Structures are given as C-alpha cells and as structure tokens.
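**Student:** Here you go, start00.pdb (PDB, C-alpha atoms):
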ATOM      1  CA  MET A   4     104.856  87.412  81.908
ATOM      2  CA  ASN A   5     107.197  85.423  79.649
ATOM      3  CA  ARG A   6     110.552  84.038  80.775
ATOM      4  CA  VAL A   7     112.563  86.929  79.325
ATOM      5  CA  SER A   8     110.317  89.454  81.045
ATOM      6  CA  LYS A   9     110.670  87.643  84.365
ATOM      7  CA  LEU A  10     114.451  87.573  84.088
ATOM      8  CA  LEU A  11     114.527  91.282  83.267
ATOM      9  CA  PHE A  12     112.255  92.137  86.161
ATOM     10  CA  TRP A  13     114.330  90.221  88.710
ATOM     11  CA  ALA A  14     117.476  91.789  87.293
ATOM     12  CA  ILE A  15     115.919  95.172  88.010
ATOM     13  CA  VAL A  16     114.995  94.052  91.536
ATOM     14  CA  ALA A  17     118.576  92.914  92.113
ATOM     15  CA  THR A  18     119.824  96.438  91.443
ATOM     16  CA  VAL A  19     117.854  97.776  94.418
ATOM     17  CA  LEU A  20     119.878  97.625  97.639
ATOM     18  CA  PHE A  21     117.450  97.031  99.380
ATOM     19  CA  SER A  22      99.896 104.969 102.829
ATOM     20  CA  PHE A  23      99.488 106.794 104.023
ATOM     21  CA  PRO A  24      97.434 109.742 102.726
ATOM     22  CA  ASP A  25      95.854 112.113 105.196
ATOM     23  CA  GLN A  26      92.145 111.741 104.448
ATOM     24  CA  VAL A  27      89.910 108.863 105.452
ATOM     25  CA  ARG A  28      86.619 108.051 103.800
ATOM     26  CA  ALA A  29      84.550 104.891 104.013
ATOM     27  CA  GLY A  30      87.381 103.104 105.816
ATOM     28  CA  LEU A  31      89.971 103.766 103.106
ATOM     29  CA  TYR A  32      92.929 106.088 103.062
ATOM     30  CA  ILE A  33      92.431 108.418 100.109
ATOM     31  CA  CYS A  34      94.998 110.628  98.429
ATOM     32  CA  PRO A  35      94.013 114.256  99.123
ATOM     33  CA  GLU A  36      91.361 115.563  96.698
ATOM     34  CA  VAL A  37      90.838 112.148  95.099
ATOM     35  CA  ASP A  38      87.623 111.441  96.990
ATOM     36  CA  SER A  39      85.914 114.475  95.454
ATOM     37  CA  LEU A  40      86.816 113.258  91.977
ATOM     38  CA  LEU A  41      85.551 109.671  92.289
ATOM     39  CA  ALA A  42      81.898 110.427  91.595
ATOM     40  CA  GLY A  43      80.804 109.015  88.265
ATOM     41  CA  GLN A  44      84.042 107.137  87.661
ATOM     42  CA  VAL A  45      83.892 103.470  86.692
ATOM     43  CA  TRP A  46      86.411 101.272  88.480
ATOM     44  CA  LYS A  47      86.924  97.852  86.911
ATOM     45  CA  LYS A  48      87.869  95.507  89.733
ATOM     46  CA  ASN A  49      88.200  92.284  87.750
ATOM     47  CA  VAL A  50      90.588  93.338  85.014
ATOM     48  CA  PRO A  51      92.533  90.529  83.316
ATOM     49  CA  ALA A  52      96.314  90.831  83.455
ATOM     50  CA  ASN A  53      98.175  92.187  80.432
ATOM     51  CA  ASN A  54     101.542  90.450  80.198
ATOM     52  CA  SER A  55     103.130  92.057  77.130
ATOM     53  CA  VAL A  56     103.468  95.472  78.797
ATOM     54  CA  TYR A  57     104.311  96.231  82.400
ATOM     55  CA  ILE A  58     105.681  99.028  84.546
ATOM     56  CA  VAL A  59     108.508  99.024  87.104
ATOM     57  CA  ILE A  60     108.784 101.923  89.571
ATOM     58  CA  ASN A  61     111.880 102.256  91.753
ATOM     59  CA  VAL A  62     111.012 104.505  94.707
ATOM     60  CA  HIS A  63     114.670 104.940  95.700
ATOM     61  CA  GLN A  64     115.716 106.108  92.256
ATOM     62  CA  ARG A  65     112.390 107.887  91.602
ATOM     63  CA  ARG A  66     112.208 106.306  88.158
ATOM     64  CA  LEU A  67     109.421 104.618  86.200
ATOM     65  CA  MET A  68     110.296 102.137  83.471
ATOM     66  CA  LEU A  69     107.901 100.999  80.767
ATOM     67  CA  ILE A  70     108.694  97.422  79.679
ATOM     68  CA  ARG A  71     107.350  95.883  76.489
ATOM     69  CA  ASN A  72     108.103  92.299  75.442
ATOM     70  CA  GLY A  73     110.996  92.159  77.873
ATOM     71  CA  GLN A  74     112.612  95.387  76.680
ATOM     72  CA  THR A  75     112.750  98.746  78.459
ATOM     73  CA  VAL A  76     111.218 101.131  75.948
ATOM     74  CA  ARG A  77     111.042 104.282  78.080
ATOM     75  CA  THR A  78     112.274 105.576  81.436
ATOM     76  CA  TYR A  79     110.635 108.539  83.183
ATOM     77  CA  PRO A  80     111.510 110.595  86.280
ATOM     78  CA  VAL A  81     108.743 110.577  88.892
ATOM     79  CA  ALA A  82     107.886 111.930  92.317
ATOM     80  CA  VAL A  83     106.926 109.351  94.937
ATOM     81  CA  GLY A  84     105.534 109.454  98.455
ATOM     82  CA  LYS A  85     107.263 111.061 101.411
ATOM     83  CA  SER A  86     108.457 108.727 104.174
ATOM     84  CA  SER A  87     105.415 109.774 106.206
ATOM     85  CA  THR A  88     103.097 108.925 103.286
ATOM     86  CA  PRO A  89     104.971 106.227 101.330
ATOM     87  CA  THR A  90     104.109 104.895  97.907
ATOM     88  CA  PRO A  91     102.751 101.310  98.210
ATOM     89  CA  ILE A  92     105.518  98.757  97.654
ATOM     90  CA  GLY A  93     104.424  95.610  95.848
ATOM     91  CA  GLN A  94     102.894  94.180  92.686
ATOM     92  CA  TRP A  95      99.737  95.934  91.517
ATOM     93  CA  LYS A  96      97.543  96.259  88.455
ATOM     94  CA  VAL A  97      96.063  99.195  86.543
ATOM     95  CA  ILE A  98      92.303  98.982  87.095
ATOM     96  CA  HIS A  99      91.182 102.497  86.183
ATOM     97  CA  LYS A 100      92.052 105.103  83.560
ATOM     98  CA  SER A 101      90.749 108.646  83.426
ATOM     99  CA  THR A 102      91.560 112.027  81.904
ATOM    100  CA  ASN A 103      91.607 115.509  83.423
ATOM    101  CA  TRP A 104      90.822 114.569  87.013
ATOM    102  CA  GLY A 105      91.652 118.028  88.253
ATOM    103  CA  THR A 106      94.462 120.533  88.580
ATOM    104  CA  GLY A 107      96.407 118.583  91.187
ATOM    105  CA  PHE A 108      96.365 115.383  89.144
ATOM    106  CA  GLY A 109      97.402 116.790  85.822
ATOM    107  CA  THR A 110      95.902 115.442  82.627
ATOM    108  CA  ARG A 111      95.896 111.668  83.136
ATOM    109  CA  TRP A 112      95.189 109.139  85.919
ATOM    110  CA  LEU A 113      96.071 105.423  86.078
ATOM    111  CA  GLY A 114      94.489 103.898  89.185
ATOM    112  CA  LEU A 115      96.031 100.890  90.943
ATOM    113  CA  ASN A 116      94.357  98.042  92.843
ATOM    114  CA  VAL A 117      96.046  98.748  96.196
ATOM    115  CA  PRO A 118      93.663  97.157  98.735
ATOM    116  CA  TRP A 119      94.147  99.634 101.592
ATOM    117  CA  GLY A 120      93.501 102.855  99.674
ATOM    118  CA  ILE A 121      93.305 104.700  96.384
ATOM    119  CA  TYR A 122      96.652 105.291  94.711
ATOM    120  CA  GLY A 123      97.647 105.899  91.135
ATOM    121  CA  ILE A 124     100.065 107.234  88.556
ATOM    122  CA  HIS A 125      99.097 110.743  87.461
ATOM    123  CA  GLY A 126     100.237 114.111  86.157
ATOM    124  CA  THR A 127     100.799 117.173  88.298
ATOM    125  CA  ASN A 128     100.579 120.922  88.563
ATOM    126  CA  LYS A 129     103.809 120.859  90.601
ATOM    127  CA  PRO A 130     106.470 119.914  88.029
ATOM    128  CA  GLY A 131     109.199 121.009  90.428
ATOM    129  CA  SER A 132     108.382 118.013  92.631
ATOM    130  CA  ILE A 133     109.327 115.464  89.967
ATOM    131  CA  GLY A 134     112.417 113.499  90.954
ATOM    132  CA  ASP A 135     111.796 113.865  94.681
ATOM    133  CA  TRP A 136     109.891 112.298  97.593
ATOM    134  CA  GLN A 137     106.983 114.735  97.606
ATOM    135  CA  SER A 138     103.605 113.034  97.196
ATOM    136  CA  HIS A 139     101.022 111.562  99.555
ATOM    137  CA  GLY A 140     101.695 108.108  98.108
ATOM    138  CA  CYS A 141     100.754 108.446  94.454
ATOM    139  CA  ILE A 142     103.300 108.502  91.636
ATOM    140  CA  ARG A 143     103.532 111.901  89.939
ATOM    141  CA  MET A 144     104.794 112.452  86.405
ATOM    142  CA  PHE A 145     105.249 115.402  84.111
ATOM    143  CA  ASN A 146     101.978 115.828  82.226
ATOM    144  CA  ARG A 147     103.600 115.233  78.833
ATOM    145  CA  HIS A 148     105.098 112.008  80.167
ATOM    146  CA  VAL A 149     101.918 110.639  81.747
ATOM    147  CA  GLU A 150     100.019 111.390  78.533
ATOM    148  CA  GLU A 151     102.588 109.359  76.598
ATOM    149  CA  LEU A 152     102.434 106.536  79.139
ATOM    150  CA  TYR A 153      98.627 106.590  79.225
ATOM    151  CA  ARG A 154      98.432 105.797  75.501
ATOM    152  CA  GLN A 155     100.671 102.746  75.883
ATOM    153  CA  VAL A 156      99.262 101.216  79.076
ATOM    154  CA  PRO A 157      96.010  99.213  78.821
ATOM    155  CA  LEU A 158      93.829  98.201  81.730
ATOM    156  CA  GLY A 159      95.295  95.146  83.416
ATOM    157  CA  THR A 160      98.910  96.289  83.082
ATOM    158  CA  THR A 161     101.043  94.982  85.958
ATOM    159  CA  VAL A 162     102.894  97.603  88.006
ATOM    160  CA  TYR A 163     105.873  96.562  90.155
ATOM    161  CA  ILE A 164     106.785  99.152  92.800
ATOM    162  CA  ILE A 165     110.212  98.335  94.217
ATOM    163  CA  GLY A 166     111.493  99.505  97.584
ATOM    164  CA  HIS A 167     112.055  98.474 101.197
ATOM    165  CA  PRO A 168     108.711  98.550 103.037
ATOM    166  CA  PHE A 169     110.246  98.831 106.513
ATOM    167  CA  THR A 170     112.849 101.532 105.939
ATOM    168  CA  TYR A 171     110.752 103.543 103.470
ATOM    169  CA  GLN A 172     108.534 104.899 106.235
ATOM    170  CA  SER A 173     108.872 107.271 109.156
ATOM    171  CA  PRO A 174     110.376 106.102 111.416
ATOM    172  CA  PRO A 175     112.028 102.996 109.897
ATOM    173  CA  TYR A 176     110.796  99.736 111.397
ATOM    174  CA  ARG A 177     108.140 101.660 113.263
ATOM    175  CA  ILE A 178     105.896  99.947 115.816
ATOM    176  CA  LEU A 179     102.744  98.601 114.172
ATOM    177  CA  ARG A 180      99.411  97.886 115.834
ATOM    178  CA  ARG A 181      95.823  97.062 114.963
ATOM    179  CA  GLY A 182      94.373  99.695 112.648
ATOM    180  CA  ASP A 183      97.618 100.209 110.739
ATOM    181  CA  ARG A 184      97.748  99.508 107.038
ATOM    182  CA  GLY A 185     100.220  99.683 104.204
ATOM    183  CA  SER A 186     103.198  97.918 102.651
ATOM    184  CA  ALA A 187     104.856  97.193 106.004
ATOM    185  CA  VAL A 188     101.692  95.517 107.295
ATOM    186  CA  LEU A 189     101.453  93.509 104.065
ATOM    187  CA  GLU A 190     105.012  92.208 104.496
ATOM    188  CA  ILE A 191     104.275  91.204 108.099
ATOM    189  CA  GLN A 192     101.201  89.334 106.858
ATOM    190  CA  LYS A 193     103.283  87.481 104.254
ATOM    191  CA  ALA A 194     105.847  86.512 106.870
ATOM    192  CA  LEU A 195     103.144  85.257 109.247
ATOM    193  CA  VAL A 196     101.565  83.192 106.457
ATOM    194  CA  LYS A 197     104.936  81.505 105.984
ATOM    195  CA  GLN A 198     104.747  80.625 109.686
ATOM    196  CA  GLY A 199     101.484  78.790 109.051
ATOM    197  CA  TYR A 200      98.928  81.479 109.918
ATOM    198  CA  LYS A 201      95.898  81.921 107.663
ATOM    199  CA  LEU A 202      95.576  85.584 106.778
ATOM    200  CA  THR A 203      94.137  87.732 104.018
ATOM    201  CA  LEU A 204      97.063  89.466 102.322
ATOM    202  CA  ASP A 205      95.572  92.940 102.057
ATOM    203  CA  GLY A 206      97.925  95.171 104.045
ATOM    204  CA  ILE A 207      95.154  95.944 106.555
ATOM    205  CA  TRP A 208      95.589  94.955 110.201
ATOM    206  CA  GLY A 209      92.261  93.432 111.159
ATOM    207  CA  TRP A 210      91.144  90.857 113.702
ATOM    208  CA  GLN A 211      92.787  87.916 111.882
ATOM    209  CA  MET A 212      96.173  89.585 111.986
ATOM    210  CA  GLU A 213      95.640  90.726 115.576
ATOM    211  CA  LYS A 214      95.076  87.122 116.647
ATOM    212  CA  ALA A 215      98.116  85.910 114.697
ATOM    213  CA  VAL A 216     100.416  88.585 116.145
ATOM    214  CA  VAL A 217      99.381  87.811 119.721
ATOM    215  CA  ASP A 218      99.827  84.066 119.137
ATOM    216  CA  PHE A 219     103.191  84.496 117.419
ATOM    217  CA  ARG A 220     104.450  86.554 120.360
ATOM    218  CA  ARG A 221     103.314  83.866 122.792
ATOM    219  CA  ARG A 222     104.928  81.045 120.799
ATOM    220  CA  ASN A 223     108.226  82.942 120.589
ATOM    221  CA  ASN A 224     108.341  83.925 124.263
ATOM    222  CA  LEU A 225     107.940  87.627 123.562
ATOM    223  CA  PRO A 226     106.327  89.855 126.208
ATOM    224  CA  PRO A 227     102.502  89.772 126.025
ATOM    225  CA  ASP A 228     101.404  92.527 123.650
ATOM    226  CA  ASN A 229      99.642  93.056 120.331
ATOM    227  CA  ALA A 230     102.440  95.093 118.742
ATOM    228  CA  VAL A 231     104.908  94.485 115.939
ATOM    229  CA  ASN A 232     107.996  95.990 117.542
ATOM    230  CA  ASP A 233     111.750  95.513 117.321
ATOM    231  CA  ALA A 234     111.688  92.085 118.997
ATOM    232  CA  PHE A 235     108.843  90.966 116.719
ATOM    233  CA  TYR A 236     110.680  92.051 113.539
ATOM    234  CA  ARG A 237     113.734  90.133 114.671
ATOM    235  CA  ALA A 238     111.762  87.014 115.626
ATOM    236  CA  LEU A 239     110.278  86.986 112.113
ATOM    237  CA  HIS A 240     113.796  87.520 110.646
ATOM    238  CA  LEU A 241     112.689  90.764 109.035
ATOM    239  CA  LYS A 242     115.298  92.919 110.744
ATOM    240  CA  PRO A 243     119.042  92.232 111.000
TER     241      PRO A 243
END
Show me the file's structure as structure tokens.

**Tutor:**
Amino acid sequence: MNRVSKLLFWAIVATVLFSFPDQVRAGLYICPEVDSLLAGQVWKKNVPANNSVYIVINVHQRRLMLIRNGQTVRTYPVAVGKSSTPTPIGQWKVIHKSTNWGTGFGTRWLGLNVPWGIYGIHGTNKPGSIGDWQSHGCIRMFNRHVEELYRQVPLGTTVYIIGHPFTYQSPPYRILRRGDRGSAVLEIQKALVKQGYKLTLDGIWGWQMEKAVVDFRRRNNLPPDNAVNDAFYRALHLKP
C-alpha cells in the first residue's frame, strides 16, 4: 500500500468510534450451507498481496468501500454479522473467487483468509437484509453490487474490516475460555504478545494461549483461572 493509501485508510479508521457461524466441520466454523458448496473449489492459500486496490468494510455503518490508488471509487451498503455471529474484525485477503455458489450466496463469492473459519463477501437471496446486522458472519451485498465488485477485485486484494472486537459480540466483553475463537480472541493474543508471550496470531484459543492466560493471571495477582474475564481485560488495558 502506498503512502497516500495508508493515510486514507487510517483516516477511515479514525472515523470509527470505536464467528461465529453455527456449523462446525473439520474443526472450523463454517457459514451455514458453505460446507456443502466447497467440493471441487480451488482455494489459493499463498496469494500475493495486491496493493493498488483494497476494500474497507465498516461493520458499524454497514458500508463497503472500494479503494483504488488511494481514492474511494465506490461505496456499497452491506449486511454484516449479528452480534451473536459477528463478522471477523481485522485485515484479511481475498484468496478465493467463485460464481453462483447457490441461492443463499447470490451470484458471486469472494472468500477471505480468516484463520478460524470460512467467511466471505457474497450476494444474497435476501435483499431486505442489506444495511442491517443479519448474517452469520459473512458480508452480504446486493447481487448487482457484488457482481460489479467481483470484476474489479483480483485475488490478493486486502480487505480491512473495521469495528470493535469486544463490543461487537454478545454479550460485550464476554468471558472467553479455551476453545473460543474469533476477533476477540485474536485481539487478546495480540495484547499478550506485546507482554512478551510467544503466540500464533490466529484467533484460535489453543494450548499456547491457555498457558499464556494462566501465567498472565498469576503474574498480575488475578484469581487462579483460565478465563479472560473482566479483571483480565482490565489488567491488559483492553477495557476502561
């Protein structure tokens, strides 16, 4: 991303005040119906980044912006995940493109490299949901809009999804434990890394994170437990 693009992106972030889908297969959370559509699809894991075009999605405003060479060229209304199944907050990359996945996904699919599940930008057969918090974590668009976007977004396009990972969930600042996954877990991992712990930043609470959480609680004189709770958020300066 060039300097102008970076400045524009952070300007967008500054305007923000600042998954979990309900099917599990092979250890991943999968958006409903997606698992039945994966057969025969080619997912390119090692896609080089494309820096001339990128996407910014604001979950609070339910808007998707297409940026090219530092300029916003198009803004689209979208539907994002409900608080119980939030859209993944963070920086991702388009690693898969497909057409006509099925009725529920409209006419186009842009898959993202979210490590804890399968999420994407796609069309819909529920146009009345656009502009609301209605999905299981994916980003829904009007079919005519996703078709337009699809033509302009190559593999490797960076996607910034902006929001507050701790309040954009139900309940806000909920208690986290081993087995949880998602944007909130990813932010806890980042904060623990800053404290000197060596963790894989994948948004999945595994044994490494379990060990770090227990140790952090001990070092900060928190009651013995393996939970990220109110006292833990505050000790990590993640909650006012």

**Student:** I would like the residues chosen by the PyMOL selection byres ((chain A and resi 214) around 12) on the shown file; could you give them as JSON, numbers by chain?

**Tutor:** {"A": [180, 181, 192, 195, 200, 201, 202, 208, 209, 210, 211, 212, 213, 215, 216, 217, 218, 219, 220, 221, 228, 229, 230]}

**Student:** Determine the residue set returned by the PyMOL selection byres ((chain A and resi 100) around 10) for the present structure, and present it as a PyMOL selection string.

**Tutor:** chain A and resi 44-47+97-99+101-102+111-115+123-125+153+156-158

**Student:** When the PyMOL selection byres ((chain A and resi 142) around 6) is applied to the structure above, which residues does it catch, written out as JSON, numbers by chain?

**Tutor:** {"A": [82, 83, 124, 141, 143]}

**Student:** Restrict the selected residues to C-alpha atoms and save them as an mmCIF file, keeping the file's coordinate frame.

**Tutor:**
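Listed below is the output, out-v7.cif:
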data_model
loop_
_atom_site.group_PDB
_atom_site.id
_atom_site.type_symbol
_atom_site.label_atom_id
_atom_site.label_comp_id
_atom_site.auth_asym_id
_atom_site.auth_seq_id
_atom_site.Cartn_x
_atom_site.Cartn_y
_atom_site.Cartn_z
ATOM 1 C CA ALA A 82 107.886 111.930 92.317
ATOM 2 C CA VAL A 83 106.926 109.351 94.937
ATOM 3 C CA ILE A 124 100.065 107.234 88.556
ATOM 4 C CA CYS A 141 100.754 108.446 94.454
ATOM 5 C CA ARG A 143 103.532 111.901 89.939
#

**Student:** For a cut-off of 10 Å around (99.2, 99.6, 76.3), file coordinates, pick out all residues using only C-alpha atoms and list them as a ChimeraX atom specification.

**Tutor:** /A:53,55-57,69,71,152-160

**Student:** Which residues come within 10 Å of Asp205 in chain A, counting all atoms listed in the file, excluding same-chain residues fewer than 3 positions away, as a PDB file with C-alpha atoms, keeping the file's coordinate frame?

**Tutor:**
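To be explicit, this is the file written out as selection10.pdb:
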ATOM      1  CA  VAL A 117      96.046  98.748  96.196  1.00  0.00           C
ATOM      2  CA  PRO A 118      93.663  97.157  98.735  1.00  0.00           C
ATOM      3  CA  TRP A 119      94.147  99.634 101.592  1.00  0.00           C
ATOM      4  CA  ARG A 184      97.748  99.508 107.038  1.00  0.00           C
ATOM      5  CA  GLY A 185     100.220  99.683 104.204  1.00  0.00           C
ATOM      6  CA  SER A 186     103.198  97.918 102.651  1.00  0.00           C
ATOM      7  CA  VAL A 188     101.692  95.517 107.295  1.00  0.00           C
ATOM      8  CA  LEU A 189     101.453  93.509 104.065  1.00  0.00           C
ATOM      9  CA  GLU A 190     105.012  92.208 104.496  1.00  0.00           C
ATOM     10  CA  GLN A 192     101.201  89.334 106.858  1.00  0.00           C
ATOM     11  CA  LYS A 193     103.283  87.481 104.254  1.00  0.00           C
ATOM     12  CA  LEU A 202      95.576  85.584 106.778  1.00  0.00           C
ATOM     13  CA  TRP A 208      95.589  94.955 110.201  1.00  0.00           C
ATOM     14  CA  GLY A 209      92.261  93.432 111.159  1.00  0.00           C
TER      15      GLY A 209
END

**Student:** Taking all atoms listed in the file into account, which of A:His167, A:Gly182, A:Arg65, A:His148 comes nearest Arg77 in chain A?

**Tutor:**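 For Arg77 in chain A, the nearest of the candidates is A:His148.
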
**Student:** Can you work out the spacing between CA of Ile92 in chain A and CA of Thr75 in chain A in Å, to one decimal?

**Tutor:**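 The value is 20.5 Å.
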
**Student:** Which of these residues is nearest to Trp136 in chain A, using only C-alpha atoms: A:Tyr171, A:Tyr79, A:Tyr236, A:Phe108?

**Tutor:**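 Of A:Tyr171, A:Tyr79, A:Tyr236, A:Phe108, the one nearest Trp136 in chain A, counting only C-alpha atoms, is A:Tyr171.
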
**Student:** Do you know which residues are at most 12 Å from Pro89 in chain A counting all atoms listed in the file, after dropping those on the same chain fewer than 5 positions away, and could you put them as a ChimeraX atom specification?

**Tutor:** /A:22-25,34,62-63,82-84,122,136-142,164-175,184-187

**Student:** Rounded to one decimal in Å, what is the spacing between CA of Ile178 in chain A and CA of Lys197 in chain A?

**Tutor:**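 Rounded to one decimal, the two atoms are 20.9 Å apart.
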
**Student:** Please report the interatomic distance between CA of Met68 in chain A and CA of Ile207 in chain A in Å with one decimal.

**Tutor:** 28.3 Å

**Student:** Go through A:Leu179, A:Ile191, A:Asn146, A:Leu204 and flag the residue nearest Val231 in chain A, using all atoms listed in the file for the distances.

**Tutor:**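 That would be A:Leu179, the residue with the smallest distance to Val231 in chain A.
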
**Student:** Using the atoms already present, construct N, CA and C atoms for range 116-138 of chain A and hand them back as a PDB file, in the coordinates of the input.

**Tutor:**
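Saved the output as result.pdb:
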ATOM      1  N   ASN A 116      95.220  98.849  91.974  1.00  0.00           N
ATOM      2  CA  ASN A 116      94.357  98.042  92.843  1.00  0.00           C
ATOM      3  C   ASN A 116      94.978  97.808  94.221  1.00  0.00           C
ATOM      4  N   VAL A 117      95.497  98.843  94.832  1.00  0.00           N
ATOM      5  CA  VAL A 117      96.046  98.748  96.196  1.00  0.00           C
ATOM      6  C   VAL A 117      94.874  98.552  97.154  1.00  0.00           C
ATOM      7  N   PRO A 118      94.861  97.484  97.950  1.00  0.00           N
ATOM      8  CA  PRO A 118      93.663  97.157  98.735  1.00  0.00           C
ATOM      9  C   PRO A 118      93.383  98.084  99.909  1.00  0.00           C
ATOM     10  N   TRP A 119      94.381  98.811 100.404  1.00  0.00           N
ATOM     11  CA  TRP A 119      94.147  99.634 101.592  1.00  0.00           C
ATOM     12  C   TRP A 119      93.902 101.107 101.268  1.00  0.00           C
ATOM     13  N   GLY A 120      93.762 101.460 100.004  1.00  0.00           N
ATOM     14  CA  GLY A 120      93.501 102.855  99.674  1.00  0.00           C
ATOM     15  C   GLY A 120      93.467 103.083  98.180  1.00  0.00           C
ATOM     16  N   ILE A 121      93.365 104.327  97.798  1.00  0.00           N
ATOM     17  CA  ILE A 121      93.305 104.700  96.384  1.00  0.00           C
ATOM     18  C   ILE A 121      94.593 105.415  96.015  1.00  0.00           C
ATOM     19  N   TYR A 122      95.368 104.772  95.162  1.00  0.00           N
ATOM     20  CA  TYR A 122      96.652 105.291  94.711  1.00  0.00           C
ATOM     21  C   TYR A 122      96.720 105.150  93.195  1.00  0.00           C
ATOM     22  N   GLY A 123      97.527 105.998  92.570  1.00  0.00           N
ATOM     23  CA  GLY A 123      97.647 105.899  91.135  1.00  0.00           C
ATOM     24  C   GLY A 123      98.867 106.635  90.609  1.00  0.00           C
ATOM     25  N   ILE A 124      99.035 106.508  89.302  1.00  0.00           N
ATOM     26  CA  ILE A 124     100.065 107.234  88.556  1.00  0.00           C
ATOM     27  C   ILE A 124      99.347 108.380  87.857  1.00  0.00           C
ATOM     28  N   HIS A 125      99.828 109.611  88.037  1.00  0.00           N
ATOM     29  CA  HIS A 125      99.097 110.743  87.461  1.00  0.00           C
ATOM     30  C   HIS A 125     100.029 111.906  87.149  1.00  0.00           C
ATOM     31  N   GLY A 126      99.494 112.891  86.452  1.00  0.00           N
ATOM     32  CA  GLY A 126     100.237 114.111  86.157  1.00  0.00           C
ATOM     33  C   GLY A 126     100.255 115.022  87.369  1.00  0.00           C
ATOM     34  N   THR A 127     100.674 116.263  87.160  1.00  0.00           N
ATOM     35  CA  THR A 127     100.799 117.173  88.298  1.00  0.00           C
ATOM     36  C   THR A 127     100.795 118.624  87.847  1.00  0.00           C
ATOM     37  N   ASN A 128     100.419 119.485  88.777  1.00  0.00           N
ATOM     38  CA  ASN A 128     100.579 120.922  88.563  1.00  0.00           C
ATOM     39  C   ASN A 128     101.773 121.446  89.350  1.00  0.00           C
ATOM     40  N   LYS A 129     102.599 120.503  89.859  1.00  0.00           N
ATOM     41  CA  LYS A 129     103.809 120.859  90.601  1.00  0.00           C
ATOM     42  C   LYS A 129     105.006 120.172  89.947  1.00  0.00           C
ATOM     43  N   PRO A 130     105.374 120.598  88.742  1.00  0.00           N
ATOM     44  CA  PRO A 130     106.470 119.914  88.029  1.00  0.00           C
ATOM     45  C   PRO A 130     107.793 119.958  88.771  1.00  0.00           C
ATOM     46  N   GLY A 131     107.963 120.934  89.665  1.00  0.00           N
ATOM     47  CA  GLY A 131     109.199 121.009  90.428  1.00  0.00           C
ATOM     48  C   GLY A 131     109.376 119.877  91.423  1.00  0.00           C
ATOM     49  N   SER A 132     108.295 119.127  91.683  1.00  0.00           N
ATOM     50  CA  SER A 132     108.382 118.013  92.631  1.00  0.00           C
ATOM     51  C   SER A 132     108.900 116.733  91.991  1.00  0.00           C
ATOM     52  N   ILE A 133     108.914 116.682  90.663  1.00  0.00           N
ATOM     53  CA  ILE A 133     109.327 115.464  89.967  1.00  0.00           C
ATOM     54  C   ILE A 133     110.800 115.173  90.267  1.00  0.00           C
ATOM     55  N   GLY A 134     111.069 113.905  90.599  1.00  0.00           N
ATOM     56  CA  GLY A 134     112.417 113.499  90.954  1.00  0.00           C
ATOM     57  C   GLY A 134     112.677 113.523  92.447  1.00  0.00           C
ATOM     58  N   ASP A 135     111.621 113.743  93.237  1.00  0.00           N
ATOM     59  CA  ASP A 135     111.796 113.865  94.681  1.00  0.00           C
ATOM     60  C   ASP A 135     110.755 113.012  95.402  1.00  0.00           C
ATOM     61  N   TRP A 136     110.874 112.965  96.744  1.00  0.00           N
ATOM     62  CA  TRP A 136     109.891 112.298  97.593  1.00  0.00           C
ATOM     63  C   TRP A 136     108.923 113.381  98.072  1.00  0.00           C
ATOM     64  N   GLN A 137     107.822 113.577  97.351  1.00  0.00           N
ATOM     65  CA  GLN A 137     106.983 114.735  97.606  1.00  0.00           C
ATOM     66  C   GLN A 137     105.494 114.432  97.733  1.00  0.00           C
ATOM     67  N   SER A 138     105.042 113.270  97.293  1.00  0.00           N
ATOM     68  CA  SER A 138     103.605 113.034  97.196  1.00  0.00           C
ATOM     69  C   SER A 138     103.033 112.422  98.469  1.00  0.00           C
TER      70      SER A 138
END
